[in-house]
Amino acid sequence: MPDIVIPVVDFAHFEDGSSPDAIEIGKQLVQACQEVGFAYFRNTGIPQAQVESMFEWSRKLFSLPIETKMLAPHPKEGWKHRGYSGVGREQVSQMVFDPSELAAIRKQTPDFKESFDVGRDNCPRVSNVWLPEEVLPGFRDAASAFYNTCRQFELEKLLPALSLGLGLPGGGEFLGNYHQDAENQLRLLHYPAMPTEVFASGERGRIAAHTDFGTGTILFQDDVGGLEVESPRGSGNFVSAPPIPGTVVFNIGDFLMRWSNDTLKSTLHRVRAPPNDGTGMIKERFSIPYFMSGDRSLLVDCLPGCWDEDRPKKYEPVTPGAYIDMRLDANY
Ligand SMILES: O=C(O)CCC(=O)C(=O)O
Ligand SMILES: [Fe+2]
């Protein structure tokens, strides 16, 4: 079977979702989600300057001393995805060249990354965990504003396009009605620079192969590269999803795959080290995923149009809350 090509979906003429172009864009998106589970988006309306500025904030945040970053610690409970998580390894490993130490790192460290998670303001279930404002003045406002920009894209373009493309009842509004609570998570990710040695065996990557849990994810990546997507699905072979300037990557999550009776694919992906450039070091990488999920307590049954006599429903109705908790419990 040939490798997949990750399609590019252009939202330029989507407008408010009522144009004839909007249905066409929705159909292209759904086709990409059925065949690949991944797409590049162009002309999302998310200002490029705001994306670049968020990467700048991320760079500033992660270059703070570890003691400072730990002023906003990720809560003990694994499911409370807020605040700073470090691997605690990055200081040592930046400058480790001794083979036995490297061997030890290879064995111990799960993924070489640190992250900072932000949810919606005033969430009754999980509060945001911020650094004291004086430590990084302006960060909190910038991260909240970026969260809201992504949220706006989700509500005004992404969910309407998926709803239209799937031909769901109620036109573009169907999926939005199940995403009223903004159960979303903005994650700043930093994969520190590493000696080439650390990745030499090819067994270790920056983030191991996984699928995302929720409805879907939009992912901003810097120009370093390394993201890979399984192709064809289920084969264990991966193709590169290189950075394309001016685009954002999108992928379907497991919940929407289930909801669609496995019509839309939640595809395995990972981040590997980019090719060795001869410096002996693998460059650091910054990325910013925005994970989207449905309202926790709304019971969802198989999407209309995704089942019929010949394609019976494969799954029981479930709420996003119960499903995601079940997945998280399996992980922690
Ligand atoms: O860093 C990346 O580009 C990918 C991150 C990712 O897949 C995730 O956090 O779920
Ligand atoms: Fe992911």
# chains A, B, ... in the order shown; residues from 1 in each chain; ligands from 1
>>> residues_near_ligand(ligand="ligand 2", cutoff="9 Å", atoms="only C-alpha atoms and all ligand atoms", output="ChimeraX atom specification")
/A:207,209-213,217,219,251,253,268-271,289,291
>>> residues_around(residues="range 35-41 of chain A", least_positions_apart="6", cutoff="10 Å", atoms="only C-alpha atoms", output="number ranges by chain")
A: 4-12, 28-29, 158, 216-219, 229-233, 241, 243-244, 246-253, 257, 263-269
>>> write_last_selection(atoms="C-alpha atoms", output="short mmCIF file (atom, residue, chain, number, x, y, z; two decimals), in the first residue's frame")
data_model
loop_
_atom_site.label_atom_id
_atom_site.label_comp_id
_atom_site.auth_asym_id
_atom_site.auth_seq_id
_atom_site.Cartn_x
_atom_site.Cartn_y
_atom_site.Cartn_z
CA ILE A 4 -0.38 8.61 2.62
CA VAL A 5 0.00 12.24 1.73
CA ILE A 6 -1.23 14.62 4.41
CA PRO A 7 -3.81 16.89 2.67
CA VAL A 8 -3.89 20.66 2.99
CA VAL A 9 -7.31 22.18 3.76
CA ASP A 10 -7.67 25.87 3.00
CA PHE A 11 -10.22 27.80 5.11
CA ALA A 12 -9.81 31.04 3.12
CA GLN A 28 -12.34 18.05 1.98
CA LEU A 29 -11.71 18.10 5.70
CA LEU A 158 -13.38 23.72 12.68
CA GLY A 216 -9.14 16.56 17.92
CA THR A 217 -5.97 18.61 18.22
CA ILE A 218 -4.55 21.59 16.40
CA LEU A 219 -0.77 21.65 16.57
CA VAL A 229 2.34 10.12 11.26
CA GLU A 230 1.62 6.43 10.85
CA SER A 231 1.01 5.43 7.23
CA PRO A 232 -0.90 3.53 6.19
CA ARG A 233 -2.86 3.38 9.42
CA ALA A 241 4.76 15.72 8.75
CA PRO A 243 6.62 22.10 9.24
CA ILE A 244 4.95 24.06 6.41
CA GLY A 246 1.77 29.46 7.57
CA THR A 247 -0.04 26.21 8.33
CA VAL A 248 -1.22 24.45 11.44
CA VAL A 249 -1.47 20.67 11.76
CA PHE A 250 -4.79 19.09 12.72
CA ASN A 251 -5.57 15.56 13.83
CA ILE A 252 -8.62 13.61 14.95
CA GLY A 253 -8.68 12.20 18.51
CA MET A 257 -13.18 8.34 16.07
CA THR A 263 -15.25 6.59 10.15
CA LEU A 264 -12.86 9.40 11.09
CA LYS A 265 -9.43 8.09 12.01
CA SER A 266 -7.41 8.91 15.09
CA THR A 267 -3.92 8.26 13.76
CA LEU A 268 -0.81 7.22 15.64
CA HIS A 269 1.87 9.94 15.66
#
>>> closest_residue(among="A:Val224, A:Val129, A:Leu189, A:Val239", to="Pro2 in chain A", atoms="only C-alpha atoms")
A:Val239
>>> closest_atom_pairs(of="range 172-220 of chain A", to="range 302-313 of chain A", cutoff="12 Å", atoms="only C-alpha atoms", output="tab-separated table")
residue	atom	partner	partner_atom	distance
A:Phe174	CA	A:Leu303	CA	9.8
A:Leu175	CA	A:Leu303	CA	9.6
A:Tyr178	CA	A:Leu303	CA	11.7
>>> atom_distance(atom1="CA of His190 in chain A", atom2="CA of Arg285 in chain A")
5.8 Å
>>> closest_residue(among="A:Ser287, A:Gln152, A:Ser58, A:Ser240", to="ligand 1", atoms="only C-alpha atoms and all ligand atoms")
A:Ser287
>>> closest_residue(among="A:Arg140, A:His13, A:Arg206, A:Lys283", to="ligand 1", atoms="only C-alpha atoms and all ligand atoms")
A:Arg206
>>> atom_distance(atom1="CA of Pro274 in chain A", atom2="CA of Gly225 in chain A")
5.9 Å
>>> residues_around(residues="Phe255 in chain A", least_positions_apart="3", cutoff="8 Å", atoms="only C-alpha atoms", output="PyMOL selection string")
chain A and resi 213-215+258-259+320+323
>>> select_by_dssp(residues="range 164-294 of chain A", states="helix (DSSP H, G or I)", output="list in words")
Leu164, Gly165, Gly171, Gly172, Glu173, Leu175, Gly176, Asn177, Tyr178, Thr196, Glu197, Val198, Phe199, Asp254, Phe255, Leu256, Met257, Arg258 and Trp259 of chain A
>>> write_last_selection(atoms="N, CA and C atoms", output="compact mmCIF listing (two decimals), in the first residue's frame")
# COMPACT_ATOMS: atom_id res chain seq x y z
N LEU A 164 -20.57 20.17 8.70
CA LEU A 164 -21.05 20.29 7.31
C LEU A 164 -20.54 19.14 6.47
N GLY A 165 -19.27 18.83 6.63
CA GLY A 165 -18.66 17.77 5.81
C GLY A 165 -19.27 16.41 6.09
N GLY A 171 -27.03 21.46 10.12
CA GLY A 171 -25.98 22.15 9.37
C GLY A 171 -24.69 22.19 10.15
N GLY A 172 -24.12 23.40 10.22
CA GLY A 172 -22.80 23.54 10.83
C GLY A 172 -22.80 23.50 12.35
N GLU A 173 -24.00 23.39 12.97
CA GLU A 173 -24.03 23.60 14.42
C GLU A 173 -23.94 22.34 15.26
N LEU A 175 -21.89 19.73 15.96
CA LEU A 175 -20.79 19.38 16.88
C LEU A 175 -20.54 20.48 17.90
N GLY A 176 -20.75 21.73 17.47
CA GLY A 176 -20.57 22.85 18.40
C GLY A 176 -21.46 22.72 19.63
N ASN A 177 -22.66 22.15 19.43
CA ASN A 177 -23.59 21.98 20.56
C ASN A 177 -23.05 21.02 21.62
N TYR A 178 -22.11 20.20 21.24
CA TYR A 178 -21.50 19.27 22.20
C TYR A 178 -20.16 19.79 22.73
N THR A 196 23.49 14.12 19.95
CA THR A 196 23.03 13.20 18.91
C THR A 196 23.00 11.76 19.41
N GLU A 197 24.05 11.45 20.21
CA GLU A 197 24.18 10.13 20.84
C GLU A 197 22.88 9.57 21.44
N VAL A 198 22.17 10.47 22.11
CA VAL A 198 20.99 10.04 22.87
C VAL A 198 19.95 9.37 21.95
N PHE A 199 19.91 9.85 20.71
CA PHE A 199 18.90 9.33 19.78
C PHE A 199 19.50 8.32 18.81
N ASP A 254 -9.24 10.12 19.62
CA ASP A 254 -9.93 8.83 19.78
C ASP A 254 -11.43 8.97 20.04
N PHE A 255 -11.80 10.02 20.79
CA PHE A 255 -13.22 10.15 21.11
C PHE A 255 -14.06 10.38 19.85
N LEU A 256 -13.58 11.27 18.98
CA LEU A 256 -14.35 11.53 17.76
C LEU A 256 -14.31 10.31 16.82
N MET A 257 -13.23 9.56 16.87
CA MET A 257 -13.18 8.34 16.07
C MET A 257 -14.29 7.38 16.51
N ARG A 258 -14.40 7.21 17.83
CA ARG A 258 -15.44 6.33 18.37
C ARG A 258 -16.84 6.86 18.04
N TRP A 259 -17.00 8.17 18.25
CA TRP A 259 -18.28 8.84 18.02
C TRP A 259 -18.73 8.66 16.56
>>> closest_residue(among="A:Gly119, A:Gly170, A:Pro160, A:Pro47", to="Arg82 in chain A", atoms="only C-alpha atoms")
A:Gly119
>>> closest_residue(among="A:Arg120, A:Arg204, A:Arg327, A:Lys113", to="ligand 1", atoms="only C-alpha atoms and all ligand atoms")
A:Lys113
>>> closest_residue(among="A:Gly294, A:Pro73, A:Gly45, A:Gly167", to="Glu24 in chain A", atoms="only C-alpha atoms")
A:Gly167
>>> atom_distance(atom1="CA of Met292 in chain A", atom2="CA of Ala143 in chain A")
16.0 Å
>>> residues_around(residues="Pro195 in chain A", least_positions_apart="4", cutoff="7 Å", atoms="only C-alpha atoms", output="mmCIF file with N, CA and C atoms, in the first residue's frame")
data_model
loop_
_atom_site.group_PDB
_atom_site.id
_atom_site.type_symbol
_atom_site.label_atom_id
_atom_site.label_comp_id
_atom_site.auth_asym_id
_atom_site.auth_seq_id
_atom_site.Cartn_x
_atom_site.Cartn_y
_atom_site.Cartn_z
ATOM 1 N N GLY A 280 26.690 17.505 16.326
ATOM 2 C CA GLY A 280 26.772 16.649 17.511
ATOM 3 C C GLY A 280 25.594 16.865 18.453
ATOM 4 N N MET A 281 24.786 17.880 18.165
ATOM 5 C CA MET A 281 23.617 18.155 19.010
ATOM 6 C C MET A 281 22.359 18.114 18.148
ATOM 7 N N ILE A 282 21.295 17.576 18.739
ATOM 8 C CA ILE A 282 19.982 17.649 18.094
ATOM 9 C C ILE A 282 19.303 18.904 18.628
#
>>> select_by_dssp(residues="range 194-297 of chain A", states="strand (DSSP E or B)", output="ChimeraX atom specification")
/A:194-195,207-210,216-221,227-230,238-240,247-252,269-271,281-282,285-292
>>> write_last_selection(atoms="N, CA and C atoms", output="CSV table (one decimal), in the first residue's frame")
chain,number,residue,atom,x,y,z
A,194,MET,N,19.7,18.0,22.6
A,194,MET,CA,20.3,16.7,23.1
A,194,MET,C,21.5,16.4,22.3
A,195,PRO,N,22.4,15.7,22.9
A,195,PRO,CA,23.5,15.2,22.1
A,195,PRO,C,23.0,14.1,21.2
A,207,ILE,N,8.8,12.1,21.5
A,207,ILE,CA,7.5,11.7,22.1
A,207,ILE,C,7.2,10.4,21.5
A,208,ALA,N,6.9,9.4,22.3
A,208,ALA,CA,6.6,8.1,21.7
A,208,ALA,C,5.3,8.1,21.0
A,209,ALA,N,5.1,7.1,20.1
A,209,ALA,CA,3.9,7.0,19.3
A,209,ALA,C,2.7,6.9,20.1
A,210,HIS,N,1.7,7.7,19.8
A,210,HIS,CA,0.4,7.7,20.6
A,210,HIS,C,-0.7,8.3,19.8
A,216,GLY,N,-10.2,16.3,18.9
A,216,GLY,CA,-9.1,16.6,17.9
A,216,GLY,C,-8.1,17.5,18.5
A,217,THR,N,-7.1,17.8,17.8
A,217,THR,CA,-6.0,18.6,18.2
A,217,THR,C,-5.5,19.5,17.1
A,218,ILE,N,-5.3,20.8,17.4
A,218,ILE,CA,-4.6,21.6,16.4
A,218,ILE,C,-3.2,21.8,17.0
A,219,LEU,N,-2.2,21.7,16.1
A,219,LEU,CA,-0.8,21.7,16.6
A,219,LEU,C,0.1,22.7,15.8
A,220,PHE,N,0.6,23.6,16.5
A,220,PHE,CA,1.6,24.6,16.0
A,220,PHE,C,3.0,24.0,16.2
A,221,GLN,N,3.8,23.9,15.2
A,221,GLN,CA,5.2,23.5,15.4
A,221,GLN,C,6.2,24.5,14.9
A,227,LEU,N,8.1,15.6,13.5
A,227,LEU,CA,6.7,15.0,13.7
A,227,LEU,C,6.5,13.9,12.6
A,228,GLU,N,6.0,12.8,13.0
A,228,GLU,CA,5.7,11.7,12.1
A,228,GLU,C,4.3,11.1,12.3
A,229,VAL,N,3.7,10.6,11.2
A,229,VAL,CA,2.3,10.1,11.3
A,229,VAL,C,2.3,8.7,10.7
A,230,GLU,N,1.6,7.8,11.3
A,230,GLU,CA,1.6,6.4,10.8
A,230,GLU,C,0.9,6.3,9.5
A,238,PHE,N,5.9,5.1,9.5
A,238,PHE,CA,5.6,6.5,9.7
A,238,PHE,C,6.1,7.3,8.6
A,239,VAL,N,5.4,8.4,8.2
A,239,VAL,CA,5.8,9.4,7.3
A,239,VAL,C,6.0,10.7,8.0
A,240,SER,N,6.9,11.5,7.5
A,240,SER,CA,7.1,12.8,8.1
A,240,SER,C,6.0,13.8,7.9
A,247,THR,N,1.0,27.2,8.1
A,247,THR,CA,0.0,26.2,8.3
A,247,THR,C,0.0,25.7,9.8
A,248,VAL,N,-1.1,25.1,10.2
A,248,VAL,CA,-1.2,24.4,11.4
A,248,VAL,C,-1.7,23.0,11.2
A,249,VAL,N,-1.1,22.1,12.0
A,249,VAL,CA,-1.5,20.7,11.8
A,249,VAL,C,-2.7,20.4,12.5
A,250,PHE,N,-3.6,19.5,12.0
A,250,PHE,CA,-4.8,19.1,12.7
A,250,PHE,C,-4.9,17.6,12.7
A,251,ASN,N,-5.3,17.0,13.8
A,251,ASN,CA,-5.6,15.6,13.8
A,251,ASN,C,-6.8,15.2,14.7
A,252,ILE,N,-7.4,14.1,14.2
A,252,ILE,CA,-8.6,13.6,15.0
A,252,ILE,C,-8.2,12.9,16.2
A,269,HIS,N,0.8,9.0,16.1
A,269,HIS,CA,1.9,9.9,15.7
A,269,HIS,C,2.9,10.0,16.7
A,270,ARG,N,4.1,10.5,16.4
A,270,ARG,CA,5.2,10.6,17.3
A,270,ARG,C,6.1,11.7,16.9
A,271,VAL,N,7.1,12.1,17.7
A,271,VAL,CA,8.1,13.0,17.3
A,271,VAL,C,9.5,12.4,17.5
A,281,MET,N,24.8,17.9,18.2
A,281,MET,CA,23.6,18.2,19.0
A,281,MET,C,22.4,18.1,18.1
A,282,ILE,N,21.3,17.6,18.7
A,282,ILE,CA,20.0,17.6,18.1
A,282,ILE,C,19.3,18.9,18.6
A,285,ARG,N,13.3,21.7,20.2
A,285,ARG,CA,12.0,21.8,19.5
A,285,ARG,C,11.0,22.4,20.4
A,286,PHE,N,10.2,23.4,19.8
A,286,PHE,CA,9.0,23.9,20.5
A,286,PHE,C,7.8,23.6,19.7
A,287,SER,N,6.7,23.1,20.4
A,287,SER,CA,5.5,22.9,19.7
A,287,SER,C,4.4,23.3,20.7
A,288,ILE,N,3.2,23.6,20.1
A,288,ILE,CA,2.0,24.1,20.9
A,288,ILE,C,0.8,23.3,20.4
A,289,PRO,N,0.5,22.2,21.0
A,289,PRO,CA,-0.8,21.6,20.7
A,289,PRO,C,-2.0,22.2,21.5
A,290,TYR,N,-3.1,22.2,20.9
A,290,TYR,CA,-4.4,22.7,21.5
A,290,TYR,C,-5.3,21.5,21.4
A,291,PHE,N,-5.6,20.8,22.6
A,291,PHE,CA,-6.4,19.6,22.6
A,291,PHE,C,-7.8,20.0,22.8
A,292,MET,N,-8.8,19.5,22.0
A,292,MET,CA,-10.2,19.9,22.2
A,292,MET,C,-11.0,18.6,22.6
